[in-house]
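Source file: coords04.txt; contents: compact mmCIF, C-alpha atoms.
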```
# COMPACT_ATOMS: atom_id res chain seq x y z
CA ALA E 1 61.71 110.13 53.39
CA ALA E 2 59.64 107.35 54.90
CA GLY E 3 56.76 109.77 55.54
CA ALA E 4 56.90 111.01 51.96
CA ALA E 5 56.59 107.45 50.67
CA ALA E 6 53.62 106.54 52.88
CA ALA E 7 51.07 108.91 51.32
CA PRO E 8 51.20 107.65 47.71
CA VAL E 9 51.26 104.03 48.89
CA ALA E 10 48.17 104.57 51.06
CA ALA E 11 46.36 106.41 48.28
CA ALA E 12 47.19 103.70 45.74
CA ASP E 13 46.08 100.92 48.09
CA ALA E 14 42.81 102.75 48.79
CA ALA E 15 42.14 103.16 45.07
CA ALA E 16 42.82 99.48 44.45
CA ALA E 17 40.54 98.40 47.28
CA SER E 18 37.62 100.62 46.24
CA ALA E 19 37.71 99.98 42.46
CA ASP E 20 34.67 98.10 41.16
CA ASP E 21 35.48 97.63 37.48
CA GLY E 22 37.96 94.82 36.75
CA THR E 23 40.13 96.95 34.39
CA VAL E 24 40.16 99.86 36.82
CA ARG E 25 41.05 97.54 39.71
CA GLU E 26 43.93 96.00 37.69
CA LYS E 27 45.30 99.45 36.90
CA ALA E 28 44.92 100.57 40.49
CA GLU E 29 46.75 97.49 41.76
CA GLN E 30 49.55 98.18 39.29
CA ILE E 31 49.87 101.73 40.62
CA ALA E 32 49.88 100.39 44.18
CA THR E 33 52.68 97.96 43.34
CA GLU E 34 54.76 100.71 41.75
CA ALA E 35 54.20 102.92 44.78
CA ARG E 36 55.35 100.16 47.14
CA ASP E 37 58.48 99.55 45.05
CA ALA E 38 59.26 103.27 45.18
CA ALA E 39 58.76 103.26 48.94
CA ARG E 40 61.22 100.39 49.32
CA GLU E 41 63.80 102.34 47.35
CA ILE E 42 63.30 105.33 49.62
CA GLU E 43 63.61 103.12 52.69
CA ALA E 44 66.83 101.62 51.36
CA THR E 45 68.36 105.08 51.04
CA SER E 46 66.61 106.58 54.07
CA PRO E 47 68.90 108.86 56.05
CA VAL E 48 67.39 107.37 59.25
CA GLN E 49 68.11 103.70 59.86
CA LEU E 50 67.85 102.29 63.32
CA ALA E 51 68.85 98.96 64.84
CA LEU E 52 68.30 98.33 68.54
CA ALA E 53 69.38 95.23 70.40
CA GLU E 54 66.70 95.99 72.99
CA LEU E 55 64.01 98.62 73.40
CA VAL E 56 62.45 98.98 76.85
CA ILE E 57 59.65 101.19 78.13
CA ASP E 58 58.90 101.12 81.86
CA ASP E 59 55.74 102.34 83.61
CA GLY E 60 54.36 104.13 80.57
CA GLU E 61 50.97 105.78 80.32
CA ILE E 62 48.74 106.69 77.37
CA THR E 63 45.66 108.90 77.55
CA VAL E 64 43.05 108.35 74.83
CA LEU E 65 40.44 110.96 73.90
CA ASP E 66 38.08 110.12 71.05
CA ARG E 67 35.89 113.01 69.95
CA THR E 68 34.34 111.11 67.02
CA VAL E 69 31.71 109.49 69.29
CA GLN E 70 28.97 110.93 71.49
CA PRO E 71 29.67 111.29 74.33
CA PHE E 72 33.45 111.52 73.92
CA PHE E 73 35.40 108.46 74.98
CA LYS E 74 38.26 109.05 77.36
CA GLY E 75 40.42 106.34 78.84
CA ARG E 76 43.89 105.66 80.15
CA VAL E 77 46.33 102.85 79.49
CA THR E 78 48.58 102.61 82.53
CA ALA E 79 51.44 100.47 83.85
CA LEU E 80 52.67 100.05 80.29
CA GLU E 81 55.77 97.87 79.99
CA LEU E 82 57.35 97.16 76.59
CA ASP E 83 60.37 94.97 75.85
CA VAL E 84 61.46 94.50 72.20
CA HIS E 85 64.58 92.68 70.98
CA ASP E 86 66.48 93.20 67.70
CA PHE E 87 64.28 96.02 66.48
CA GLN E 88 65.03 97.47 63.02
CA TYR E 89 63.72 100.65 61.39
CA PRO E 90 62.53 101.43 58.71
CA ALA E 91 62.12 97.68 58.04
CA ASN E 92 59.95 97.48 61.19
CA ARG E 93 61.27 94.03 62.10
CA PHE E 94 61.97 92.52 65.47
CA ARG E 95 62.86 89.18 67.00
CA ASP E 96 60.42 89.16 69.89
CA LEU E 97 58.18 91.59 71.74
CA ARG E 98 56.33 91.60 75.04
CA LEU E 99 53.87 94.27 76.11
CA THR E 100 51.97 94.39 79.39
CA ALA E 101 49.62 97.12 80.52
CA LYS E 102 46.38 97.93 82.26
CA ALA E 103 43.72 98.80 79.71
CA PRO E 104 41.07 101.45 80.42
CA GLY E 105 39.15 100.29 83.47
CA GLY E 106 42.21 98.53 84.92
CA ALA E 107 41.94 95.29 82.91
CA PRO E 108 45.32 93.51 82.55
CA LEU E 109 46.59 93.21 78.97
CA ILE E 110 49.46 91.01 77.73
CA VAL E 111 50.77 90.80 74.16
CA ASP E 112 53.59 88.48 73.10
CA ALA E 113 54.93 88.44 69.54
CA LYS E 114 57.82 86.95 67.63
CA GLN E 115 58.97 87.36 64.06
CA ARG E 116 60.98 84.91 61.98
CA GLY E 117 61.53 85.90 58.38
CA GLU E 118 58.13 86.56 56.79
CA THR E 119 56.25 84.86 59.61
CA MET E 120 54.88 86.69 62.64
CA GLU E 121 53.05 85.05 65.55
CA VAL E 122 51.12 87.09 68.10
CA ALA E 123 49.35 86.04 71.29
CA ALA E 124 47.13 88.54 73.10
CA ASP E 125 45.26 88.18 76.39
CA ALA E 126 42.95 90.67 78.06
CA LYS E 127 41.07 89.84 81.24
CA ALA E 128 37.84 91.32 82.63
CA LEU E 129 37.72 94.53 80.59
CA PRO E 130 34.77 96.57 81.94
CA LEU E 131 32.27 96.98 79.11
CA PRO E 132 29.99 99.87 80.20
CA GLN E 133 32.81 102.32 79.47
CA LEU E 134 32.48 101.40 75.76
CA ASN E 135 28.87 102.61 75.51
CA PRO E 136 29.84 105.63 73.36
CA TYR E 137 30.76 103.10 70.66
CA VAL E 138 28.15 100.42 71.39
CA THR E 139 25.07 102.62 71.58
CA GLY E 140 25.71 104.43 68.33
CA ALA E 141 26.43 101.22 66.41
CA SER E 142 23.76 98.90 67.82
CA GLY E 143 21.06 100.84 69.67
CA TYR E 144 21.96 99.03 72.90
CA SER E 145 23.66 100.21 76.03
CA ILE E 146 25.69 97.92 78.28
CA SER E 147 24.65 98.25 81.90
CA SER E 148 27.10 95.68 83.26
CA GLY E 149 29.59 93.06 82.18
CA THR E 150 33.25 92.37 81.46
CA PHE E 151 35.09 91.03 78.43
CA THR E 152 37.96 88.54 78.37
CA LEU E 153 40.00 87.69 75.28
CA ALA E 154 42.58 85.04 74.46
CA SER E 155 43.76 85.32 70.86
CA LYS E 156 46.50 83.79 68.73
CA VAL E 157 47.37 85.16 65.30
CA LYS E 158 49.80 83.95 62.64
CA LEU E 159 50.68 86.02 59.59
CA ASP E 160 52.98 85.00 56.74
CA ALA E 161 53.37 85.46 53.00
CA LYS E 162 50.47 83.04 52.36
CA GLY E 163 47.91 84.82 54.51
CA TYR E 164 46.73 84.97 58.09
CA GLN E 165 45.13 82.69 60.66
CA ALA E 166 43.62 83.68 63.97
CA ASN E 167 41.70 81.92 66.68
CA SER E 168 40.16 83.93 69.46
CA GLU E 169 38.32 82.83 72.57
CA LEU E 170 35.88 85.51 73.74
CA ALA E 171 34.13 85.46 77.10
CA PHE E 172 31.51 87.85 78.47
CA ASP E 173 30.76 87.70 82.19
CA ASP E 174 27.61 89.13 83.83
CA LEU E 175 26.65 90.85 80.58
CA ASP E 176 23.45 92.89 80.77
CA VAL E 177 22.19 95.18 78.04
CA ALA E 178 19.26 97.51 77.52
CA GLY E 179 17.73 99.37 74.63
CA ALA E 180 14.52 98.69 72.69
CA ALA E 181 15.95 100.07 69.46
CA GLY E 182 18.64 97.41 69.42
CA ASP E 183 16.18 94.54 69.94
CA ALA E 184 14.63 95.01 66.52
CA LEU E 185 18.04 95.17 64.85
CA PHE E 186 19.27 92.04 66.64
CA THR E 187 16.11 90.07 65.85
CA GLU E 188 16.31 91.12 62.20
CA LYS E 189 19.94 90.00 61.95
CA PHE E 190 19.87 86.78 63.98
CA GLY E 191 16.22 85.70 64.02
CA VAL E 192 15.83 85.63 67.82
CA SER E 193 15.52 88.39 70.40
CA LEU E 194 18.65 89.47 72.23
CA SER E 195 17.16 88.55 75.61
CA LEU E 196 16.53 84.97 74.44
CA ALA E 197 19.95 84.80 72.77
CA LEU E 198 21.72 85.87 75.97
CA ALA E 199 19.70 83.36 77.99
CA LEU E 200 20.65 80.55 75.59
CA LEU E 201 24.32 81.52 75.52
CA ARG E 202 24.93 81.93 79.25
CA ASP E 203 26.34 78.93 81.09
CA VAL E 204 25.66 78.04 84.72
CA SER E 205 28.17 80.65 85.91
CA GLY E 206 26.61 83.43 83.81
CA ARG E 207 29.44 83.42 81.25
CA ILE E 208 29.00 83.64 77.49
CA ALA E 209 31.89 81.97 75.64
CA LEU E 210 32.52 82.14 71.89
CA ASP E 211 35.29 80.71 69.71
CA VAL E 212 36.00 82.93 66.70
CA PRO E 213 38.32 81.52 64.01
CA ILE E 214 39.45 83.84 61.20
CA SER E 215 41.63 83.00 58.20
CA GLY E 216 42.40 84.44 54.81
CA ASP E 217 44.80 84.49 51.88
CA ALA E 218 47.15 87.31 51.02
CA LYS E 219 46.07 88.61 47.61
CA GLY E 220 48.49 90.83 45.75
CA GLY E 221 50.07 91.91 49.01
CA ALA E 222 47.04 94.03 49.82
CA ARG E 223 46.00 94.37 53.45
CA PRO E 224 42.55 92.89 54.12
CA ASP E 225 39.80 95.03 55.61
CA LEU E 226 39.53 93.19 58.92
CA ALA E 227 36.43 94.93 60.25
CA PRO E 228 33.86 93.07 58.07
CA ILE E 229 35.87 89.84 58.34
CA VAL E 230 35.80 89.96 62.14
CA ALA E 231 32.11 90.96 62.15
CA GLN E 232 31.23 88.02 59.92
CA ALA E 233 33.26 85.60 62.04
CA LEU E 234 31.52 86.85 65.18
CA SER E 235 28.13 86.39 63.53
CA HIS E 236 28.97 82.82 62.55
CA ALA E 237 30.24 82.04 66.05
CA LEU E 238 27.08 83.50 67.60
CA ILE E 239 24.75 81.58 65.29
CA ASN E 240 26.62 78.32 65.92
CA ALA E 241 26.46 78.86 69.67
CA LEU E 242 22.73 79.60 69.49
CA ALA E 243 21.99 76.66 67.21
CA SER E 244 23.46 74.07 69.55
CA PRO E 245 20.77 74.17 72.29
CA LEU E 246 17.99 75.00 69.82
CA LYS E 247 18.71 71.88 67.77
CA LEU E 248 18.21 69.77 70.87
CA LEU E 249 14.73 71.11 71.48
CA GLY E 250 13.14 71.02 68.05
CA ALA E 251 13.14 71.85 64.38
CA LEU E 252 15.66 74.58 63.57
CA SER E 253 15.97 76.33 60.22
CA LEU E 254 18.85 78.66 59.38
CA ASP E 255 18.64 81.09 56.49
CA GLY E 256 21.27 83.60 55.48
CA GLY E 257 23.18 83.36 58.75
CA LYS E 258 20.19 83.75 61.06
CA VAL E 259 17.55 81.62 62.74
CA ALA E 260 14.73 81.58 60.19
CA ALA E 261 12.38 79.32 62.13
CA PHE E 262 12.45 77.57 65.45
CA GLU E 263 9.66 75.62 67.06
CA PRO E 264 10.45 73.53 70.15
CA GLU E 265 8.95 70.07 69.90
CA PRO E 266 5.82 69.69 72.08
CA ILE E 267 5.42 67.06 74.79
CA GLY E 268 2.86 64.40 73.84
CA PHE E 269 0.13 63.06 76.14
CA VAL E 270 -2.19 60.05 76.10
CA ALA E 271 -5.50 60.93 74.46
CA GLY E 272 -8.11 62.06 76.97
CA GLN E 273 -5.67 61.88 79.89
CA THR E 274 -3.04 63.89 81.78
CA LYS E 275 -0.58 61.01 81.44
CA ILE E 276 2.60 61.84 79.54
CA ALA E 277 3.06 59.62 76.49
CA ASP E 278 5.73 56.95 76.83
CA ASP E 279 7.62 58.23 73.78
CA ALA E 280 7.71 61.82 75.12
CA TRP E 281 9.95 61.31 78.16
CA TRP E 282 13.20 61.55 76.20
CA ARG E 283 12.14 64.99 75.00
CA ILE E 284 11.53 66.06 78.60
CA GLU E 285 15.09 64.89 79.34
CA GLN E 286 16.39 67.13 76.54
CA LEU E 287 14.36 70.10 77.76
CA ALA E 288 15.64 69.61 81.30
CA GLY E 289 19.22 69.40 80.01
CA VAL E 290 18.94 72.72 78.19
CA LEU E 291 17.32 74.40 81.20
CA ALA E 292 20.07 73.09 83.49
CA ALA E 293 22.81 74.35 81.16
CA SER E 294 21.14 77.76 80.65
CA PRO E 295 19.95 79.08 84.02
CA ALA E 296 18.84 82.37 82.46
CA LEU E 297 16.12 80.54 80.51
CA ARG E 298 12.55 79.89 81.49
CA VAL E 299 10.01 77.70 79.73
CA GLU E 300 6.37 78.54 79.00
CA LEU E 301 3.88 75.67 78.69
CA THR E 302 0.55 75.75 76.84
CA GLY E 303 -1.83 72.82 77.23
CA GLU E 304 -3.71 71.70 74.13
CA ALA E 305 -6.45 69.22 73.18
CA SER E 306 -7.56 67.42 70.02
CA ALA E 307 -10.45 65.58 68.42
CA ASP E 308 -8.89 62.38 69.76
CA ASP E 309 -9.26 63.83 73.23
CA VAL E 310 -12.97 64.43 72.66
CA ARG E 311 -13.41 60.83 71.59
CA ALA E 312 -11.40 59.57 74.58
CA LEU E 313 -13.47 61.68 77.00
CA GLN E 314 -16.67 60.34 75.45
CA GLU E 315 -15.37 56.79 75.82
CA ALA E 316 -14.45 57.48 79.45
CA ALA E 317 -17.99 58.72 80.13
CA VAL E 318 -19.55 55.64 78.52
CA LEU E 319 -17.19 53.36 80.43
CA ALA E 320 -18.14 54.99 83.72
CA ASP E 321 -21.80 54.31 83.00
CA LEU E 322 -21.11 50.71 82.07
CA GLN E 323 -19.02 50.11 85.17
CA GLN E 324 -21.81 51.47 87.39
CA GLU E 325 -24.72 50.19 85.29
CA LYS E 326 -26.56 53.45 85.84
CA GLY E 327 -26.65 56.98 84.56
CA PHE E 328 -27.29 56.93 80.82
CA PHE E 329 -28.15 53.24 80.81
CA ALA E 330 -30.63 53.53 83.66
CA GLY E 331 -33.03 55.42 81.40
CA LEU E 332 -32.88 52.99 78.52
CA LYS E 333 -36.05 51.01 77.94
CA ASP E 334 -34.39 48.72 75.46
CA LEU E 335 -31.22 47.88 77.41
CA PRO E 336 -28.68 46.04 75.22
CA SER E 337 -27.85 42.49 76.07
CA ARG E 338 -25.36 41.75 78.81
CA GLY E 339 -22.98 40.37 76.17
CA THR E 340 -22.95 43.64 74.22
CA ARG E 341 -22.35 45.70 77.37
CA LYS E 342 -19.56 43.36 78.45
CA ALA E 343 -17.80 43.48 75.05
CA ILE E 344 -17.94 47.28 74.90
CA ARG E 345 -16.83 47.63 78.52
CA GLU E 346 -13.80 45.37 77.97
CA LEU E 347 -12.81 47.31 74.85
CA LEU E 348 -13.04 50.67 76.59
CA GLU E 349 -11.17 49.43 79.67
CA ALA E 350 -8.33 48.16 77.48
CA ARG E 351 -8.13 51.46 75.62
CA ALA E 352 -8.07 53.44 78.86
CA LYS E 353 -5.08 51.39 80.04
CA GLY E 354 -3.28 51.70 76.71
CA GLU E 355 -3.57 47.94 76.13
CA PRO E 356 -4.53 46.11 72.93
CA SER E 357 -8.31 46.16 72.64
CA PRO E 358 -10.57 43.38 71.33
CA ALA E 359 -12.48 44.06 68.15
CA LEU E 360 -16.25 44.54 68.23
CA ASP E 361 -18.67 43.02 65.80
CA ALA E 362 -20.68 45.35 63.59
CA ASP E 363 -23.72 45.49 65.87
CA ASP E 364 -21.69 46.15 69.02
CA GLN E 365 -19.67 48.85 67.21
CA ALA E 366 -22.84 50.55 66.04
CA LYS E 367 -24.19 50.50 69.58
CA LEU E 368 -20.94 52.01 70.92
CA ASP E 369 -21.05 54.79 68.31
CA GLU E 370 -24.63 55.55 69.34
CA TRP E 371 -23.68 55.83 73.01
CA LEU E 372 -20.65 57.98 72.25
CA ALA E 373 -22.70 60.40 70.16
CA ALA E 374 -24.99 60.91 73.14
CA LYS E 375 -22.07 62.13 75.29
CA THR E 376 -21.44 65.85 74.83
CA ILE E 377 -18.01 67.18 75.73
CA GLY E 378 -18.08 70.90 76.46
CA ASP E 379 -15.39 73.51 76.02
CA ASP E 380 -14.99 73.70 79.80
CA GLN E 381 -13.97 70.03 79.85
CA ILE E 382 -11.49 70.58 77.02
CA ARG E 383 -10.04 73.58 78.78
CA ALA E 384 -9.72 71.69 82.07
CA LEU E 385 -7.91 68.80 80.35
CA ALA E 386 -5.49 71.15 78.55
CA ALA E 387 -4.75 73.07 81.76
CA ALA E 388 -4.22 69.85 83.72
CA ARG E 389 -1.67 68.68 81.14
CA ALA E 390 0.40 71.84 81.49
CA ASP E 391 0.20 71.54 85.27
CA ARG E 392 1.33 67.92 85.08
CA LEU E 393 4.39 68.77 83.00
CA ARG E 394 5.18 71.70 85.28
CA GLU E 395 4.98 69.32 88.25
CA VAL E 396 7.42 66.90 86.60
CA LEU E 397 9.96 69.62 85.86
CA THR E 398 9.80 71.14 89.34
CA ARG E 399 9.39 68.02 91.47
CA ASP E 400 11.40 65.43 89.52
CA TYR E 401 14.09 67.71 88.04
CA GLY E 402 14.34 70.36 90.72
CA PHE E 403 13.74 73.50 88.67
CA GLY E 404 12.35 76.53 90.46
CA ALA E 405 8.68 77.29 89.94
CA ASP E 406 9.64 80.73 88.59
CA ARG E 407 11.32 79.04 85.60
CA ILE E 408 8.28 76.96 84.57
CA LEU E 409 5.23 79.01 83.56
CA ALA E 410 1.86 77.51 82.59
CA ARG E 411 0.14 79.80 80.10
CA GLU E 412 -3.56 80.11 79.22
CA PRO E 413 -4.68 76.69 77.92
CA ALA E 414 -6.59 75.96 74.76
CA SER E 415 -10.38 75.96 75.15
CA THR E 416 -11.24 74.08 71.94
CA ALA E 417 -10.16 70.70 70.60
CA THR E 418 -8.38 72.10 67.54
CA GLY E 419 -4.82 71.25 68.53
CA ALA E 420 -3.19 67.98 69.51
CA ALA E 421 -2.92 65.86 72.63
CA GLN E 422 0.17 67.69 73.84
CA VAL E 423 1.69 70.59 75.72
CA GLY E 424 3.37 73.27 73.63
CA VAL E 425 6.78 74.54 74.75
CA GLN E 426 8.20 78.04 74.30
CA LEU E 427 11.50 79.44 75.53
CA ALA E 428 11.97 82.89 77.04
CA ALA E 429 14.48 84.76 79.13
CA ARG E 430 13.88 84.87 82.87
CA GLY E 431 12.44 88.17 83.95
```

Hey, can you dump this file as structure tokens for me?
Amino acid sequence: AAGAAAAPVAAADAAAASADDGTVREKAEQIATEARDAAREIEATSPVQLALAELVIDDGEITVLDRTVQPFFKGRVTALELDVHDFQYPANRFRDLRLTAKAPGGAPLIVDAKQRGETMEVAADAKALPLPQLNPYVTGASGYSISSGTFTLASKVKLDAKGYQANSELAFDDLDVAGAAGDALFTEKFGVSLSLALALLRDVSGRIALDVPISGDAKGGARPDLAPIVAQALSHALINALASPLKLLGALSLDGGKVAAFEPEPIGFVAGQTKIADDAWWRIEQLAGVLAASPALRVELTGEASADDVRALQEAAVLADLQQEKGFFAGLKDLPSRGTRKAIRELLEARAKGEPSPALDADDQAKLDEWLAAKTIGDDQIRALAAARADRLREVLTRDYGFGADRILAREPASTATGAAQVGVQLAARG
């Protein structure tokens, strides 16, 4: 009798869930309600009614063979122990339940549940489930294959007449994946490559931890389709976990549940010099903090230069001549007065030290502009300055913060003064 009632109920529920038109959906839900009422009547008069004070299964085993995936999945659940109190059929009610087993791959599984009236609470824990065995499912769905890693779950669920609430703590240890096809899909969905995402998510022990809350209301007694709900919750948890370190390092823009734009803030330098700007050290602290928390990350540095650098290099060249009273000035027939040279020298010395500089009068300023224009700064000088800046920042991160040289890479520097007086920062996964 119970089996006869299940088919129309399932069909009615499916029709209600798939209906698009409001009138059709209302009619389908009405049919589903009538089918459930009829099923309850059948259950009430069912010739099979069972009440057990205790149901125990010792040392059970289940073999699973799934032929819907390629290759077939085959696994065994062993050491299954089940203890249920006050079980009732066909009402499918119980007072409390405890299940322990070893999932496929030998991972321990524990499920505890209790039911009071219309409220059911479930706690589930699984530890170190080997993930490569799930490749028949993972590869077909994502384009990736899992070469190593384990999965640990701690989940608590509460269901009642009002709806459901669940909070799950997910942890992935030593996770390593491969598959070029999946990279494009992951980048399209989340806005960053999978390799960078894994590097950002891993903590110092190599673990990736995510908190996934799920909640919903019971509408019309219909069962929710949990697959998209869980997928959406996982996506939100992943984006939130990724956003945390990215926000520390620079401007982060999220769009439609993915990282739309991310540009780590550069490290500023004093114009014309390899000295890190005073207001840039706090950003180095942030960068070092993210690198320390994410050992799978590396940073790539690109030295840049600007028009201000060209001016500063010209000023440095003029100052050198003034301090030595030779070079450019040695060939001048009409050497400016000692007062003019002294005023310009003092101004340039103050600027080089980052100190307030005295103002020049109009004639002295014109003379300085003339001398500066005579100093040509070549691309090789710009390139050398940009490269030296990246090397300086790399030195700070390795010497002062203790990061390995393999985690700090200096890339090809800029060769023209079209950027800024800074070192650009990019994140990547360690190779």

Do you know which residues are at most 7 Å from range 117-134 of chain E counting all atoms listed in the file, after dropping those on the same chain fewer than 5 positions away, and could you put them as an MDAnalysis selection string? chainID E and resid 105 107:112 146:161

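Of the listed residues E:Thr376, E:Gln323, E:Thr302, E:Gln49, the one whose atoms come nearest to Phe87 in chain E is E:Gln49, with distances taken using all atoms listed in the file.
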
Counting all atoms listed in the file, closest pick from E:Ala343, E:Leu301, E:Leu372, E:Leu200 relative to Pro358 in chain E is E:Ala343

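Every protein or nucleic acid residue with an atom no more than 9 Å from Leu397 in chain E, counting all atoms listed in the file and leaving out same-chain residues fewer than 6 positions away, appears here: Ile284, Ala288, Phe403, Gly404, Ala405 and Ile408 of chain E.
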
Neighbouring residues of Val204 in chain E were defined as those with any atom within 7 Å, considering all atoms listed in the file; residues of the same chain fewer than 5 positions away were excluded. Please report them as a list in words.
Ala293, Ser294 and Pro295 of chain E

List as a list in words the protein and nucleic acid residues near Ala359 in chain E, meaning an atom at most 12 Å away when all atoms listed in the file are counted, but skip any in the same chain fewer than 3 places from it.
Ala343, Ile344, Arg345, Glu346, Leu347, Leu348, Ala350, Arg351, Pro356, Ala362, Asp363, Asp364, Gln365 and Leu368 of chain E

Gln70 in chain E: which residues within 8 Å, counting only C-alpha atoms, same-chain residues fewer than 3 positions away excluded, as a PDB file with C-alpha atoms, in the coordinates of the input?
```
ATOM      1  CA  ARG E  67      35.890 113.010  69.950  1.00  0.00           C
ATOM      2  CA  PHE E  73      35.400 108.460  74.980  1.00  0.00           C
ATOM      3  CA  PRO E 136      29.840 105.630  73.360  1.00  0.00           C
ATOM      4  CA  GLY E 140      25.710 104.430  68.330  1.00  0.00           C
TER       5      GLY E 140
END
```

(request) Counting only C-alpha atoms, select every polymer residue within 10 Å of (-0.4, 68.7, 74.5) as defined in the file's coordinates, and provide the selection as JSON, numbers by chain. (result) {"E": [266, 267, 268, 269, 270, 271, 274, 276, 277, 301, 302, 303, 304, 305, 306, 385, 386, 387, 389, 390, 393, 413, 414, 419, 420, 421, 422, 423, 424, 425]}

Correct to one decimal, the distance CA of Gln426 in chain E-CA of Glu300 in chain E is 5.1 Å

Axis-aligned box for all listed atoms of range 360-369 of chain E, 6 Å per side, centre and edges in Å to one decimal, as JSON:
```
{"center_x": -20.2, "center_y": 48.9, "center_z": 67.3, "size_x": 19.9, "size_y": 23.8, "size_z": 19.3}
```

Among E:Leu97, E:Val69, E:Val84, E:Val310, Glu54 in chain E is approached most closely, using all atoms listed in the file, by E:Val84

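The two atoms in question, CA of Thr63 in chain E and CA of Thr78 in chain E, are spaced 8.5 Å apart.
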